[in-house]
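Note: the block below is protein_33.cif and it holds mmCIF, C-alpha atoms.
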data_coords
loop_
_atom_site.label_atom_id
_atom_site.label_comp_id
_atom_site.auth_asym_id
_atom_site.auth_seq_id
_atom_site.Cartn_x
_atom_site.Cartn_y
_atom_site.Cartn_z
CA MET A 220 0.04 -21.14 -12.59
CA LEU A 221 -0.72 -24.36 -10.73
CA PHE A 222 -0.87 -27.58 -12.71
CA ASN A 223 -2.98 -30.72 -12.43
CA ALA A 224 -0.57 -33.61 -11.83
CA ARG A 225 -2.75 -36.02 -13.81
CA ARG A 226 -2.89 -33.91 -16.96
CA GLY A 227 0.45 -32.17 -16.54
CA VAL A 228 -0.78 -29.03 -18.26
CA ALA A 229 -4.44 -28.38 -17.37
CA ALA A 230 -4.69 -25.82 -14.59
CA PHE A 231 -7.25 -26.25 -11.83
CA LEU A 232 -8.21 -22.60 -12.08
CA TRP A 233 -11.75 -21.88 -13.14
CA LEU A 234 -13.72 -18.74 -13.88
CA THR A 235 -17.20 -17.79 -15.08
CA VAL A 236 -15.76 -16.20 -18.18
CA VAL A 237 -14.94 -16.95 -21.78
CA ALA A 238 -11.23 -16.34 -21.26
CA LEU A 239 -8.77 -17.22 -18.52
CA ALA A 240 -7.82 -14.30 -16.29
CA ALA A 241 -5.60 -13.65 -13.31
CA LEU A 242 -7.04 -14.13 -9.84
CA ALA A 243 -6.05 -10.66 -8.68
CA PRO A 244 -8.77 -8.01 -8.90
CA VAL A 245 -8.38 -5.43 -11.63
CA THR A 246 -7.27 -1.98 -10.57
CA ALA A 247 -9.60 0.79 -11.71
CA ALA A 248 -7.53 3.63 -10.33
CA GLU A 249 -4.16 3.68 -8.60
CA SER A 250 -1.62 6.36 -7.89
CA GLY A 251 1.25 7.12 -5.57
CA ALA A 252 3.17 10.35 -5.24
CA GLY A 253 6.26 9.00 -3.54
CA GLY A 254 7.27 8.92 0.10
CA ARG A 255 6.38 6.37 2.76
CA ILE A 256 4.10 6.14 5.77
CA ASP A 257 5.80 4.37 8.68
CA LEU A 258 3.29 1.84 10.06
CA THR A 259 5.63 0.15 12.52
CA ASN A 260 3.69 1.48 15.51
CA ALA A 261 0.29 1.58 13.83
CA THR A 262 -3.02 0.58 15.40
CA LEU A 263 -5.56 -1.39 13.36
CA VAL A 264 -8.95 0.26 13.92
CA LEU A 265 -12.05 -1.71 12.92
CA SER A 266 -15.45 -0.27 12.10
CA PRO A 267 -18.26 -1.30 14.48
CA GLY A 268 -20.45 -4.30 13.77
CA LEU A 269 -18.08 -6.36 11.64
CA THR A 270 -19.34 -9.74 10.46
CA GLY A 271 -17.49 -12.98 11.19
CA PRO A 272 -15.70 -13.02 7.81
CA GLU A 273 -14.73 -9.35 8.22
CA ASN A 274 -13.22 -10.11 11.62
CA LYS A 275 -11.42 -13.03 9.98
CA ALA A 276 -10.00 -10.58 7.44
CA ALA A 277 -8.69 -8.41 10.28
CA THR A 278 -7.09 -11.43 11.95
CA MET A 279 -5.51 -12.44 8.64
CA LEU A 280 -4.11 -8.93 8.16
CA VAL A 281 -2.56 -8.77 11.63
CA GLU A 282 -1.13 -12.29 11.60
CA GLU A 283 0.28 -12.24 8.08
CA ALA A 284 1.85 -8.81 8.61
CA GLU A 285 3.44 -10.04 11.85
CA LYS A 286 4.94 -13.07 10.09
CA ARG A 287 6.82 -10.74 7.76
CA SER A 288 7.81 -7.97 10.18
CA GLN A 289 7.76 -9.38 13.73
CA ILE A 290 5.40 -6.52 14.54
CA ARG A 291 1.86 -7.22 15.75
CA TRP A 292 -0.54 -4.32 15.38
CA PRO A 293 -2.93 -3.80 18.30
CA ILE A 294 -6.63 -3.76 17.37
CA ALA A 295 -8.99 -1.01 18.52
CA ASP A 296 -12.51 0.27 17.81
CA ARG A 297 -11.68 3.98 17.94
CA LEU A 298 -9.08 6.22 16.35
CA PRO A 299 -5.87 6.83 18.33
CA GLU A 300 -4.72 10.27 19.38
CA ALA A 301 -3.49 12.61 16.68
CA GLY A 302 -0.03 11.84 15.37
CA ARG A 303 -0.26 8.08 15.90
CA PRO A 304 -0.22 5.96 12.72
CA VAL A 305 -3.45 4.11 12.03
CA VAL A 306 -4.83 1.54 9.59
CA VAL A 307 -8.64 1.65 9.41
CA LEU A 308 -10.54 -1.37 8.08
CA GLY A 309 -14.24 -1.90 7.36
CA GLN A 310 -17.06 -1.41 4.89
CA HIS A 311 -17.53 2.01 3.28
CA ALA A 312 -20.85 2.84 4.89
CA ALA A 313 -19.80 1.68 8.36
CA LEU A 314 -16.54 3.66 8.22
CA GLU A 315 -18.33 6.81 7.10
CA ARG A 316 -20.81 6.53 9.98
CA ALA A 317 -18.26 5.69 12.64
CA PHE A 318 -15.46 8.03 11.58
CA PRO A 319 -16.92 11.13 9.85
CA LEU A 320 -13.52 12.82 9.80
CA LEU A 321 -12.23 10.08 7.50
CA ALA A 322 -15.25 10.04 5.21
CA GLY A 323 -13.93 12.89 3.11
CA LYS A 324 -10.88 10.86 2.15
CA LEU A 325 -13.03 8.13 0.56
CA THR A 326 -14.63 8.30 -2.86
CA SER A 327 -18.31 8.84 -2.14
CA GLY A 328 -21.19 7.52 -4.24
CA GLY A 329 -20.39 5.98 -7.61
CA ASP A 330 -20.76 2.38 -8.61
CA ARG A 331 -19.52 0.35 -5.66
CA LYS A 332 -19.30 -3.02 -7.33
CA ALA A 333 -19.49 -6.28 -5.44
CA GLU A 334 -16.25 -7.42 -3.78
CA GLY A 335 -14.52 -4.13 -4.60
CA TYR A 336 -12.60 -1.89 -2.23
CA GLN A 337 -10.60 1.31 -1.84
CA ILE A 338 -7.18 1.70 -0.25
CA ILE A 339 -6.23 5.27 0.62
CA SER A 340 -2.93 6.22 2.24
CA SER A 341 -3.04 9.75 3.62
CA PRO A 342 0.21 11.27 4.93
CA PRO A 343 1.49 11.53 7.49
CA ASP A 344 -0.09 8.65 9.36
CA THR A 345 -3.40 7.26 8.00
CA VAL A 346 -4.31 4.26 5.83
CA ILE A 347 -7.93 3.39 5.06
CA VAL A 348 -9.11 0.06 3.63
CA ALA A 349 -12.81 0.37 2.75
CA GLY A 350 -14.68 -2.58 1.27
CA ASN A 351 -17.83 -2.25 -0.80
CA ASP A 352 -19.13 -5.32 1.04
CA ALA A 353 -17.81 -8.03 3.37
CA ARG A 354 -15.73 -9.65 0.65
CA GLY A 355 -14.41 -6.26 -0.34
CA VAL A 356 -13.05 -5.95 3.21
CA LEU A 357 -11.38 -9.36 2.85
CA PHE A 358 -9.80 -8.59 -0.53
CA GLY A 359 -8.83 -5.08 0.57
CA ALA A 360 -6.98 -6.55 3.54
CA GLY A 361 -5.29 -9.02 1.19
CA ARG A 362 -4.24 -6.27 -1.20
CA LEU A 363 -2.78 -4.23 1.66
CA LEU A 364 -0.68 -7.24 2.67
CA ARG A 365 0.70 -7.34 -0.86
CA LEU A 366 1.47 -3.60 -0.87
CA LEU A 367 3.21 -3.26 2.48
CA ASP A 368 7.00 -3.03 2.69
CA TYR A 369 8.28 -5.38 5.39
CA MET A 370 11.50 -5.35 7.35
CA ARG A 371 12.59 -6.92 10.61
CA GLY A 372 10.83 -4.82 13.22
CA GLY A 373 9.01 -2.49 10.83
CA MET A 374 6.43 -1.89 8.11
CA ALA A 375 5.74 0.95 5.70
CA LEU A 376 3.40 1.85 2.84
CA ALA A 377 3.62 4.23 -0.08
CA ALA A 378 2.20 7.66 0.74
CA ASP A 379 -0.65 9.23 -1.26
CA LEU A 380 -1.80 5.82 -2.51
CA LYS A 381 -5.27 5.83 -4.04
CA ILE A 382 -6.71 2.53 -5.21
CA ALA A 383 -10.30 1.89 -6.29
CA THR A 384 -10.86 -1.56 -7.70
CA ALA A 385 -13.34 -4.37 -8.22
CA PRO A 386 -12.98 -7.85 -9.74
CA ARG A 387 -13.55 -8.25 -13.46
CA TYR A 388 -15.09 -11.72 -13.07
CA PRO A 389 -17.69 -12.88 -10.51
CA LEU A 390 -16.12 -16.32 -9.94
CA ARG A 391 -12.41 -16.74 -9.23
CA GLY A 392 -11.59 -20.06 -7.67
CA HIS A 393 -9.32 -23.04 -7.28
CA GLN A 394 -9.97 -26.77 -6.92
CA VAL A 395 -8.41 -28.22 -3.75
CA GLY A 396 -8.54 -31.98 -4.18
CA TYR A 397 -7.65 -33.76 -0.94
CA ARG A 398 -6.73 -37.05 -2.62
CA PRO A 399 -3.59 -39.03 -3.55
CA LYS A 400 -3.58 -37.79 -7.15
CA THR A 401 -2.15 -34.36 -6.32
CA ASN A 402 1.09 -35.55 -4.69
CA SER A 403 0.82 -32.75 -2.12
CA TYR A 404 -2.64 -31.98 -0.77
CA ASP A 405 -3.06 -35.45 0.77
CA GLY A 406 -0.35 -34.63 3.31
CA TRP A 407 -1.73 -31.28 4.44
CA ASP A 408 -3.31 -30.74 7.86
CA VAL A 409 -6.06 -28.20 8.59
CA ALA A 410 -3.61 -25.43 9.50
CA THR A 411 -1.82 -25.85 6.16
CA TRP A 412 -5.15 -25.73 4.33
CA GLU A 413 -6.05 -22.49 6.10
CA GLN A 414 -2.74 -20.93 5.12
CA TYR A 415 -3.29 -22.00 1.51
CA LEU A 416 -6.80 -20.55 1.55
CA ARG A 417 -5.37 -17.29 2.87
CA ASP A 418 -2.80 -17.24 0.09
CA LEU A 419 -5.61 -17.62 -2.45
CA VAL A 420 -7.89 -14.91 -1.05
CA ILE A 421 -4.97 -12.50 -0.67
CA PHE A 422 -4.72 -12.67 -4.46
CA GLY A 423 -8.48 -12.34 -5.00
CA ALA A 424 -9.92 -15.88 -5.10
CA ASN A 425 -13.51 -15.99 -3.86
CA ALA A 426 -14.15 -19.76 -4.04
CA ILE A 427 -12.56 -23.14 -3.47
CA GLU A 428 -13.81 -26.48 -4.77
CA GLY A 429 -13.46 -29.69 -2.78
CA VAL A 430 -13.82 -33.30 -3.87
CA PRO A 431 -15.82 -36.06 -2.15
CA PRO A 432 -14.36 -39.20 -0.54
CA LEU A 433 -15.44 -41.28 -3.56
CA THR A 434 -13.69 -40.29 -6.80
CA ASP A 435 -11.63 -42.15 -9.39
CA ASP A 436 -8.67 -42.17 -6.96
CA ALA A 437 -7.51 -44.60 -4.31
CA VAL A 438 -9.80 -44.39 -1.29
CA ASP A 439 -6.91 -43.77 1.12
CA SER A 440 -3.44 -42.28 1.28
CA PRO A 441 -0.66 -43.02 3.77
CA HIS A 442 -0.27 -39.25 4.11
CA PHE A 443 -3.85 -38.37 5.12
CA PRO A 444 -3.83 -36.58 8.52
CA LEU A 445 -7.66 -36.82 8.55
CA PRO A 446 -10.17 -39.07 6.77
CA PRO A 447 -11.38 -37.51 3.49
CA LEU A 448 -14.90 -36.68 4.67
CA ARG A 449 -13.65 -34.92 7.80
CA MET A 450 -11.14 -32.88 5.79
CA MET A 451 -13.86 -32.00 3.28
CA ALA A 452 -15.94 -30.62 6.16
CA GLU A 453 -12.93 -28.67 7.43
CA GLN A 454 -12.42 -27.08 4.00
CA SER A 455 -16.09 -26.12 3.95
CA ARG A 456 -15.82 -24.63 7.44
CA LEU A 457 -12.78 -22.56 6.46
CA ALA A 458 -14.59 -21.20 3.40
CA GLN A 459 -17.50 -20.28 5.65
CA GLU A 460 -15.26 -18.48 8.14
CA TYR A 461 -13.59 -16.40 5.43
CA GLY A 462 -16.89 -15.71 3.65
CA ILE A 463 -15.99 -17.28 0.31
CA ASP A 464 -17.90 -19.91 -1.69
CA TYR A 465 -17.42 -23.62 -1.23
CA TRP A 466 -18.02 -25.80 -4.30
CA VAL A 467 -17.92 -29.58 -4.58
CA TRP A 468 -16.90 -31.46 -7.72
CA TYR A 469 -18.81 -34.72 -7.53
CA PRO A 470 -18.41 -37.27 -10.37
CA ALA A 471 -21.21 -39.79 -10.99
CA LEU A 472 -19.47 -43.09 -10.27
CA ASP A 473 -20.62 -46.39 -8.81
CA ARG A 474 -19.42 -47.66 -5.44
CA ASN A 475 -16.42 -49.30 -7.09
CA ARG A 476 -15.34 -45.87 -8.39
CA ARG A 477 -16.17 -46.81 -11.97
CA PRO A 478 -18.12 -44.86 -14.61
CA THR A 479 -21.58 -46.30 -15.07
CA GLU A 480 -24.96 -45.66 -16.61
CA PHE A 481 -27.68 -44.98 -14.07
CA ASP A 482 -30.52 -46.69 -15.90
CA ASP A 483 -32.01 -48.51 -12.92
CA PRO A 484 -34.33 -46.47 -10.62
CA VAL A 485 -33.11 -48.42 -7.59
CA LYS A 486 -29.48 -47.66 -8.45
CA VAL A 487 -30.33 -43.99 -9.00
CA ALA A 488 -32.16 -43.69 -5.69
CA GLY A 489 -29.24 -45.29 -3.85
CA ALA A 490 -26.66 -43.06 -5.51
CA VAL A 491 -28.63 -39.85 -4.88
CA LYS A 492 -29.14 -40.79 -1.23
CA GLU A 493 -25.41 -41.51 -0.84
CA TRP A 494 -24.36 -38.23 -2.47
CA ALA A 495 -26.81 -36.20 -0.38
CA ALA A 496 -25.61 -37.89 2.82
CA VAL A 497 -22.04 -36.75 2.08
CA LEU A 498 -22.99 -33.21 1.07
CA ASN A 499 -25.30 -32.71 4.04
CA THR A 500 -22.39 -33.21 6.46
CA LEU A 501 -20.84 -29.96 5.21
CA PRO A 502 -21.30 -26.71 7.16
CA GLN A 503 -21.50 -24.77 3.90
CA LEU A 504 -22.25 -25.75 0.30
CA ASP A 505 -22.69 -23.04 -2.31
CA ALA A 506 -22.46 -25.05 -5.50
CA LEU A 507 -22.33 -28.64 -6.71
CA PHE A 508 -20.62 -29.44 -10.02
CA MET A 509 -21.27 -32.89 -11.49
CA PRO A 510 -19.16 -33.60 -14.58
CA GLY A 511 -20.70 -35.58 -17.43
CA GLY A 512 -17.30 -37.21 -17.92
CA ASP A 513 -13.67 -37.07 -16.75
CA PRO A 514 -14.57 -39.20 -14.83
CA GLY A 515 -18.05 -40.66 -15.30
CA ARG A 516 -20.02 -41.61 -18.35
CA THR A 517 -23.71 -41.01 -17.78
CA PRO A 518 -25.98 -40.03 -20.69
CA PRO A 519 -27.66 -36.63 -20.22
CA LYS A 520 -31.11 -38.23 -20.27
CA GLN A 521 -30.08 -40.02 -17.06
CA LEU A 522 -27.80 -37.35 -15.59
CA PHE A 523 -30.34 -34.51 -15.55
CA PRO A 524 -33.09 -36.43 -13.67
CA MET A 525 -30.53 -37.63 -11.11
CA LEU A 526 -29.31 -34.11 -10.48
CA GLU A 527 -32.87 -32.85 -10.16
CA GLN A 528 -33.47 -35.45 -7.43
CA LEU A 529 -30.23 -34.47 -5.71
CA ALA A 530 -31.13 -30.76 -5.86
CA ALA A 531 -34.41 -31.56 -4.11
CA GLN A 532 -32.64 -33.56 -1.38
CA LEU A 533 -30.20 -30.69 -0.71
CA LYS A 534 -32.95 -28.10 -0.21
CA GLU A 535 -33.36 -28.60 3.53
CA ARG A 536 -29.68 -28.54 4.53
CA HIS A 537 -28.27 -26.28 1.79
CA PRO A 538 -31.22 -24.31 0.36
CA LYS A 539 -28.98 -21.85 -1.51
CA ALA A 540 -26.72 -24.46 -3.15
CA LYS A 541 -26.55 -24.13 -6.95
CA ILE A 542 -26.28 -27.07 -9.34
CA TRP A 543 -23.87 -27.12 -12.29
CA ILE A 544 -23.25 -29.73 -14.97
CA SER A 545 -20.71 -30.29 -17.75
CA PRO A 546 -20.97 -32.17 -21.07
CA GLN A 547 -17.41 -33.51 -20.82
CA ASP A 548 -16.65 -36.53 -23.03
CA PHE A 549 -20.12 -36.44 -24.58
CA THR A 550 -20.68 -37.97 -28.00
CA ALA A 551 -22.39 -35.92 -30.71
CA GLU A 552 -25.66 -37.72 -29.90
CA TRP A 553 -25.36 -37.02 -26.19
CA MET A 554 -24.48 -33.38 -26.86
CA ALA A 555 -27.64 -33.04 -28.97
CA ASP A 556 -29.66 -34.50 -26.09
CA PHE A 557 -27.88 -32.17 -23.69
CA ALA A 558 -28.79 -29.11 -25.77
CA LYS A 559 -32.41 -30.25 -26.09
CA ILE A 560 -32.81 -30.69 -22.34
CA LEU A 561 -31.30 -27.26 -21.70
CA GLN A 562 -33.77 -25.68 -24.09
CA ALA A 563 -36.56 -27.08 -21.88
CA GLY A 564 -35.18 -24.83 -19.13
CA PRO A 565 -34.76 -26.93 -15.96
CA ALA A 566 -35.32 -24.44 -13.15
CA TRP A 567 -33.02 -26.17 -10.64
CA LEU A 568 -29.94 -25.75 -12.87
CA GLU A 569 -27.65 -22.75 -12.34
CA GLY A 570 -25.11 -23.21 -15.11
CA VAL A 571 -22.91 -25.24 -17.44
CA VAL A 572 -19.21 -25.95 -17.01
CA TYR A 573 -16.87 -25.90 -20.02
CA GLY A 574 -14.05 -28.34 -19.28
CA PRO A 575 -11.63 -30.87 -20.80
CA GLY A 576 -13.13 -33.42 -23.18
CA ILE A 577 -15.64 -31.05 -24.77
CA PHE A 578 -15.03 -31.10 -28.52
CA GLU A 579 -17.07 -28.00 -29.33
CA SER A 580 -15.43 -24.61 -28.92
CA LEU A 581 -16.25 -22.39 -25.96
CA ALA A 582 -18.08 -20.02 -28.30
CA GLU A 583 -20.15 -22.88 -29.73
CA VAL A 584 -21.15 -24.07 -26.27
CA ARG A 585 -22.07 -20.53 -25.21
CA ALA A 586 -24.27 -20.21 -28.30
CA MET A 587 -25.91 -23.57 -27.54
CA VAL A 588 -26.60 -22.89 -23.87
CA PRO A 589 -29.61 -20.62 -23.16
CA LYS A 590 -28.63 -17.22 -21.80
CA ARG A 591 -30.43 -17.88 -18.52
CA TYR A 592 -27.63 -20.30 -17.58
CA LYS A 593 -24.18 -19.15 -16.54
CA LEU A 594 -21.02 -20.60 -18.06
CA ARG A 595 -17.99 -21.56 -16.02
CA PHE A 596 -14.55 -22.01 -17.55
CA TYR A 597 -12.73 -25.12 -16.23
CA PRO A 598 -9.50 -25.56 -18.21
#

The structure in this file should be written as C-alpha cells.
Amino acid sequence: MLFNARRGVAAFLWLTVVALAALAPVTAAESGAGGRIDLTNATLVLSPGLTGPENKAATMLVEEAEKRSQIRWPIADRLPEAGRPVVVLGQHAALERAFPLLAGKLTSGGDRKAEGYQIISSPPDTVIVAGNDARGVLFGAGRLLRLLDYMRGGMALAADLKIATAPRYPLRGHQVGYRPKTNSYDGWDVATWEQYLRDLVIFGANAIEGVPPLTDDAVDSPHFPLPPLRMMAEQSRLAQEYGIDYWVWYPALDRNRRPTEFDDPVKVAGAVKEWAAVLNTLPQLDALFMPGGDPGRTPPKQLFPMLEQLAAQLKERHPKAKIWISPQDFTAEWMADFAKILQAGPAWLEGVVYGPGIFESLAEVRAMVPKRYKLRFYP
C-alpha cells in the first residue's frame, strides 16, 4: 500500500467500486502440474498487426525480463522450427488466425471480458499469452513477468500452466502527483516515471491520475527535472503509449492557490479558459476529476455550471474526456443542492467520486446518486 504523505494514512489508490481491492486482476482459473519449461533461448513471436500499445507491451516484456536474467529474447513474426522454445504474444483472434496450430491450446468462445487474458504453458517448449483486447495483451505480458523464474543467464516457467482471468473492477488506478508534497515524485525524471508506470501496469493498473501545475502546493521544487506542465504532458504521453487511461485531478482554486467561490461570471470565464488551456496541451485526456473540496470550496450551484463550461471547451481537443466531481467537504445544505442537481441529470457528467471529507457513508452516497452515474472510490 502506498500512502499519501499529507494524510499519512489515506492511500492514493482509487477504484470504481464500493470496496477497496487489489490492483492485480482476479484469477478465474489457474493450474500447474509441476515441471518447468526452459525459456532461456526462447523467441518472442508476435501476432501480426499489433497496435502501438501492444508493441509497447512486447517491449516491456523483453526489457523487464532481460533486467532480471541478462537474457534478451529475439522478436519474430513467425514460429521457430520445432523444438525451439517460444513465447507467443497477441490478441486471441489474431493468434488464432495467424497460428492455427496453436489455436487448439486456447480456450475458444466463452465470455472474453475486457482487459482479460489467458496464459498457457504447453510442454515441452511453448508459452502463449493471449489477450482479450489490447489491454489484455498488456496485462498478460505483465502477469508473465511476475510468473517467470529468473536466474543469471536463464529463465523458466511452470509447465502445464493454464490461466484465464479478467479484472474484477473496471477502474484500477493510482494518482501520480508531480509536486513537492509527495517527497519523492518531484525528483523523478521521465525515465523513472515510465518505470513506475510499468510497475503499476504489471500489477494490473489501467489508469494514472496527474495533477496540474496549480494546486495547493508550492509552485516549484528544487528537485523538479522538468517544469510541472511539461512533466504532466510526459505522463499523459506515457499513458497513451501503454494504452491506459490518463486522468487529471484539478481543484478549483484561484490564481493564488486559495479556495474561492466562483460567483462572478468574469472570474468563472477566466478560470475555465485557464483550466482548458492547461488540459488542451496534453496528448491524451480520458477523465477530469474536480473535487468539491480538499482543496477548494465552491458551492455545487457554482461548481456544476463551471464544469459544464469546461466540458464544452474540452470537446474539440479531447472529445472523449469524461467529467467527474466529488462532494468533498460539503455542508449538509451543499450536499442537498448537490443531490438535487444530480437528479436533474446533467448529460455531460460521467460520475461522482467518493473521497475524504464526505460525511455520508459510501452506501448513502450511492443511494443518493442516480444509477446513470458511476461511482469512484478515492480513499

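The residues returned by the PyMOL selection byres ((chain A and resi 574) around 7) for this structure are Gln547, Val572, Tyr573, Pro575, Gly576, Ile577, Phe596, Tyr597 and Pro598 of chain A.
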
Shortest interatomic distance to Arg398 in chain A - which of A:Pro304, A:Pro386, A:Pro431, A:Gly564, counting all atoms listed in the file: A:Pro431

Residues in the PyMOL selection byres ((chain A and resi 360) around 9), expressed as a PyMOL selection string: chain A and resi 276-277+279-280+308+348+350+355-359+361-365+421

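Look at everything within 9 Å of (6.9, -10.2, 10.3) using only C-alpha atoms, and the residues you get are Glu282, Glu283, Ala284, Glu285, Lys286, Arg287, Ser288, Gln289, Ile290, Arg291, Tyr369, Met370, Arg371, Gly372, Gly373 and Met374 of chain A.
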
Range 318-333 of chain A environment, 8 Å, only C-alpha atoms, sequence neighbours closer than 4 positions dropped, as a VMD selection string: chain A and resid 314 337 339 351 to 352 354 to 355 385 to 386

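As for CA of Glu460 in chain A and CA of Pro272 in chain A, they are spaced 5.5 Å apart.
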
Interatomic distance, CA of Ala378 in chain A to CA of Pro342 in chain A (Å, one decimal): 5.9 Å

Excluding Leu433 in chain A and its own-chain neighbours fewer than 3 positions away, which residues fall within 10 Å of it when counting all atoms listed in the file? Please give them as a short mmCIF file (atom, residue, chain, number, x, y, z; two decimals) with C-alpha atoms, keeping the file's coordinate frame.
data_model
loop_
_atom_site.label_atom_id
_atom_site.label_comp_id
_atom_site.auth_asym_id
_atom_site.auth_seq_id
_atom_site.Cartn_x
_atom_site.Cartn_y
_atom_site.Cartn_z
CA ARG A 398 -6.73 -37.05 -2.62
CA VAL A 430 -13.82 -33.30 -3.87
CA ASP A 436 -8.67 -42.17 -6.96
CA ALA A 437 -7.51 -44.60 -4.31
CA VAL A 438 -9.80 -44.39 -1.29
CA PRO A 447 -11.38 -37.51 3.49
CA LEU A 448 -14.90 -36.68 4.67
CA TYR A 469 -18.81 -34.72 -7.53
CA PRO A 470 -18.41 -37.27 -10.37
CA ALA A 471 -21.21 -39.79 -10.99
CA LEU A 472 -19.47 -43.09 -10.27
CA ASP A 473 -20.62 -46.39 -8.81
CA ARG A 474 -19.42 -47.66 -5.44
CA ASN A 475 -16.42 -49.30 -7.09
CA ARG A 476 -15.34 -45.87 -8.39
CA TRP A 494 -24.36 -38.23 -2.47
CA VAL A 497 -22.04 -36.75 2.08
#

Resolved residues for the PyMOL selection byres ((chain A and resi 502) around 6) as a VMD selection string: chain A and resid 456 501 503

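Taking all atoms listed in the file into account, His442 in chain A lies nearest to A:Lys400 out of the set A:Lys400, A:Leu457, A:Phe481, A:Glu569.
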
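Ranking A:Gly423, A:Pro565, A:Pro389, A:Gly429 by their shortest atom-to-atom distance to Ala530 in chain A, with all atoms listed in the file included, puts A:Pro565 first.
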
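Ranking A:Asn402, A:Val571, A:Ile427, A:Glu480 by their shortest atom-to-atom distance to Phe557 in chain A, with all atoms listed in the file included, puts A:Val571 first.
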
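Atom pair CA of Asn425 in chain A / CA of Ala377 in chain A: separated by 26.8 Å.
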
Polymer residues at most 12 Å from Phe578 in chain A, only C-alpha atoms, same-chain spacing of 5 or more positions, as a ChimeraX atom specification: /A:546-551,554,573,583-584

Put those residues in a file: C-alpha atoms, as a PDB file, in the coordinates of the input.
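Once written, selection.pdb looks like this:
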ATOM      1  CA  PRO A 546     -20.970 -32.170 -21.070  1.00  0.00           C
ATOM      2  CA  GLN A 547     -17.410 -33.510 -20.820  1.00  0.00           C
ATOM      3  CA  ASP A 548     -16.650 -36.530 -23.030  1.00  0.00           C
ATOM      4  CA  PHE A 549     -20.120 -36.440 -24.580  1.00  0.00           C
ATOM      5  CA  THR A 550     -20.680 -37.970 -28.000  1.00  0.00           C
ATOM      6  CA  ALA A 551     -22.390 -35.920 -30.710  1.00  0.00           C
ATOM      7  CA  MET A 554     -24.480 -33.380 -26.860  1.00  0.00           C
ATOM      8  CA  TYR A 573     -16.870 -25.900 -20.020  1.00  0.00           C
ATOM      9  CA  GLU A 583     -20.150 -22.880 -29.730  1.00  0.00           C
ATOM     10  CA  VAL A 584     -21.150 -24.070 -26.270  1.00  0.00           C
TER      11      VAL A 584
END

Could you complete range 371-375 of chain A so that it carries all heavy atoms, and give it back as a PDB file, in the frame of the given file?
ATOM      1  N   ARG A 371      12.560  -6.411   9.240  1.00  0.00           N
ATOM      2  CA  ARG A 371      12.590  -6.920  10.610  1.00  0.00           C
ATOM      3  C   ARG A 371      12.301  -5.768  11.571  1.00  0.00           C
ATOM      4  O   ARG A 371      13.068  -4.803  11.652  1.00  0.00           O
ATOM      5  CB  ARG A 371      13.933  -7.556  10.919  1.00  0.00           C
ATOM      6  CG  ARG A 371      14.015  -8.198  12.304  1.00  0.00           C
ATOM      7  CD  ARG A 371      15.407  -8.741  12.567  1.00  0.00           C
ATOM      8  NE  ARG A 371      15.724  -9.852  11.692  1.00  0.00           N
ATOM      9  CZ  ARG A 371      15.462 -11.128  11.975  1.00  0.00           C
ATOM     10  NH1 ARG A 371      14.859 -11.434  13.113  1.00  0.00           N
ATOM     11  NH2 ARG A 371      15.797 -12.082  11.139  1.00  0.00           N
ATOM     12  N   GLY A 372      11.179  -5.849  12.244  1.00  0.00           N
ATOM     13  CA  GLY A 372      10.830  -4.820  13.220  1.00  0.00           C
ATOM     14  C   GLY A 372      10.196  -3.591  12.615  1.00  0.00           C
ATOM     15  O   GLY A 372      10.197  -2.518  13.256  1.00  0.00           O
ATOM     16  N   GLY A 373       9.630  -3.691  11.402  1.00  0.00           N
ATOM     17  CA  GLY A 373       9.010  -2.490  10.830  1.00  0.00           C
ATOM     18  C   GLY A 373       8.177  -2.781   9.610  1.00  0.00           C
ATOM     19  O   GLY A 373       8.325  -3.810   8.949  1.00  0.00           O
ATOM     20  N   MET A 374       7.265  -1.833   9.302  1.00  0.00           N
ATOM     21  CA  MET A 374       6.430  -1.890   8.110  1.00  0.00           C
ATOM     22  C   MET A 374       6.193  -0.471   7.609  1.00  0.00           C
ATOM     23  O   MET A 374       6.155   0.489   8.389  1.00  0.00           O
ATOM     24  CB  MET A 374       5.067  -2.540   8.412  1.00  0.00           C
ATOM     25  CG  MET A 374       5.119  -4.037   8.572  1.00  0.00           C
ATOM     26  SD  MET A 374       3.488  -4.736   8.915  1.00  0.00           S
ATOM     27  CE  MET A 374       3.285  -4.315  10.650  1.00  0.00           C
ATOM     28  N   ALA A 375       6.000  -0.360   6.292  1.00  0.00           N
ATOM     29  CA  ALA A 375       5.740   0.950   5.700  1.00  0.00           C
ATOM     30  C   ALA A 375       4.874   0.770   4.460  1.00  0.00           C
ATOM     31  O   ALA A 375       4.770  -0.331   3.907  1.00  0.00           O
ATOM     32  CB  ALA A 375       7.043   1.654   5.352  1.00  0.00           C
TER      33      ALA A 375
END
